[in-house]
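These notes are about the structure you will find just below.
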Amino acid sequence: MKKFSEIKEFIGKGRKYNLQMSSSPMENLEQYDCVLILTDHSSYDYRRIVSESQLLVDTRNATRGIENIKVVRC
């Protein structure tokens, strides 16, 4: 498993600062009890994330249009 500091994929700038945010790899999601979506990015495959997660809590409505009993929207 890669360390966060080893992730090189660049997403973009923050609103006020050049934060050089990185996209975390979505691997082995089924091993987690719950996956949280705290921000939505177009680079993620949300259908795949939903299908591979045991439980998913979406705080940003990133999974809109995806109907699945595992998704909790708040």
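Chains: A, B, ... in order of the structure tokens. Residues: from 1 per chain. Ligands: from 1, in order shown.
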* Within 9 Å of segment 57-59 of chain A, counting only C-alpha atoms, which residues qualify if same-chain residues fewer than 5 places away don't, as an NGL selection string? -> :A and (34-40 or 70-74)
* What's the 10 Å shell around Met26 of chain A, counting only C-alpha atoms, without same-chain residues fewer than 6 positions away, as a ChimeraX atom specification? -> /A:44-45,48-49,52
Just the selected residues (N, CA and C atoms), exported as a short mmCIF file (atom, residue, chain, number, x, y, z; two decimals), in the first residue's frame, please.
```cif
data_model
loop_
_atom_site.label_atom_id
_atom_site.label_comp_id
_atom_site.auth_asym_id
_atom_site.auth_seq_id
_atom_site.Cartn_x
_atom_site.Cartn_y
_atom_site.Cartn_z
N TYR A 44 -13.16 10.53 -9.57
CA TYR A 44 -13.50 9.25 -8.94
C TYR A 44 -14.65 8.56 -9.66
N ASP A 45 -14.59 7.24 -9.70
CA ASP A 45 -15.65 6.42 -10.27
C ASP A 45 -16.58 6.02 -9.12
N ARG A 48 -18.25 2.51 -9.05
CA ARG A 48 -17.32 1.47 -8.59
C ARG A 48 -17.13 1.54 -7.07
N ILE A 49 -17.01 2.73 -6.55
CA ILE A 49 -16.84 2.91 -5.11
C ILE A 49 -18.05 2.33 -4.37
N GLU A 52 -18.08 -1.56 -4.51
CA GLU A 52 -17.03 -2.24 -3.75
C GLU A 52 -17.08 -1.96 -2.25
#
```
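Atom CA of Gly65 of chain A sits 21.7 Å away from atom CA of Glu30 of chain A.
The nearest approach to Tyr32 of chain A among the residues A:Ile69, A:Leu55, A:Ala62, A:Val50, with only C-alpha atoms taken into account, belongs to A:Leu55.
Interatomic distance, atom CA of Ile66 of chain A against atom CA of Ser43 of chain A: 16.6 Å.
Reported to one decimal place, the separation of atom CA of Asn61 of chain A from atom CA of His41 of chain A is 11.1 Å.
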Find the residues near Asp33 of chain A: any atom within 9 Å, counting only C-alpha atoms, skip ones fewer than 4 places away on the same chain, and give them as an mmCIF file with N, CA and C atoms, in the first residue's frame.
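Below you can see selection07.cif, which holds the result:
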```
data_model
loop_
_atom_site.group_PDB
_atom_site.id
_atom_site.type_symbol
_atom_site.label_atom_id
_atom_site.label_comp_id
_atom_site.auth_asym_id
_atom_site.auth_seq_id
_atom_site.Cartn_x
_atom_site.Cartn_y
_atom_site.Cartn_z
ATOM 1 N N LEU A 29 -11.565 -1.469 -1.156
ATOM 2 C CA LEU A 29 -12.596 -0.778 -0.373
ATOM 3 C C LEU A 29 -13.424 -1.732 0.463
ATOM 4 N N SER A 53 -17.878 -0.996 -1.819
ATOM 5 C CA SER A 53 -17.958 -0.638 -0.400
ATOM 6 C C SER A 53 -19.004 -1.489 0.313
ATOM 7 N N GLN A 54 -18.776 -1.713 1.603
ATOM 8 C CA GLN A 54 -19.773 -2.399 2.424
ATOM 9 C C GLN A 54 -20.870 -1.426 2.834
ATOM 10 N N LEU A 55 -20.467 -0.203 3.179
ATOM 11 C CA LEU A 55 -21.373 0.875 3.577
ATOM 12 C C LEU A 55 -20.714 2.164 3.132
ATOM 13 N N LEU A 56 -21.494 3.079 2.573
ATOM 14 C CA LEU A 56 -20.938 4.335 2.086
ATOM 15 C C LEU A 56 -21.779 5.492 2.600
#
```
* To do: Report as a ChimeraX atom specification: the residues of segment 36-68 of chain A with a DSSP assignment of helix (DSSP H, G or I), based on the backbone of this structure.
  => /A:46-52
Quick one: write out the picked residues with N, CA and C atoms as a PDB file, in the first residue's frame?
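File written: selection.pdb
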```pdb
ATOM      1  N   TYR A  46     -17.620   6.834  -8.890  1.00  0.00           N
ATOM      2  CA  TYR A  46     -18.499   6.619  -7.745  1.00  0.00           C
ATOM      3  C   TYR A  46     -19.312   5.340  -7.862  1.00  0.00           C
ATOM      4  N   ARG A  47     -19.660   4.911  -9.054  1.00  0.00           N
ATOM      5  CA  ARG A  47     -20.372   3.635  -9.210  1.00  0.00           C
ATOM      6  C   ARG A  47     -19.501   2.483  -8.725  1.00  0.00           C
ATOM      7  N   ARG A  48     -18.245   2.508  -9.054  1.00  0.00           N
ATOM      8  CA  ARG A  48     -17.317   1.467  -8.594  1.00  0.00           C
ATOM      9  C   ARG A  48     -17.135   1.537  -7.074  1.00  0.00           C
ATOM     10  N   ILE A  49     -17.010   2.732  -6.551  1.00  0.00           N
ATOM     11  CA  ILE A  49     -16.844   2.906  -5.109  1.00  0.00           C
ATOM     12  C   ILE A  49     -18.047   2.334  -4.368  1.00  0.00           C
ATOM     13  N   VAL A  50     -19.250   2.629  -4.849  1.00  0.00           N
ATOM     14  CA  VAL A  50     -20.467   2.101  -4.225  1.00  0.00           C
ATOM     15  C   VAL A  50     -20.474   0.583  -4.292  1.00  0.00           C
ATOM     16  N   SER A  51     -20.184   0.026  -5.448  1.00  0.00           N
ATOM     17  CA  SER A  51     -20.264  -1.431  -5.606  1.00  0.00           C
ATOM     18  C   SER A  51     -19.240  -2.166  -4.755  1.00  0.00           C
ATOM     19  N   GLU A  52     -18.078  -1.561  -4.508  1.00  0.00           N
ATOM     20  CA  GLU A  52     -17.029  -2.235  -3.747  1.00  0.00           C
ATOM     21  C   GLU A  52     -17.082  -1.962  -2.249  1.00  0.00           C
TER      22      GLU A  52
END
```
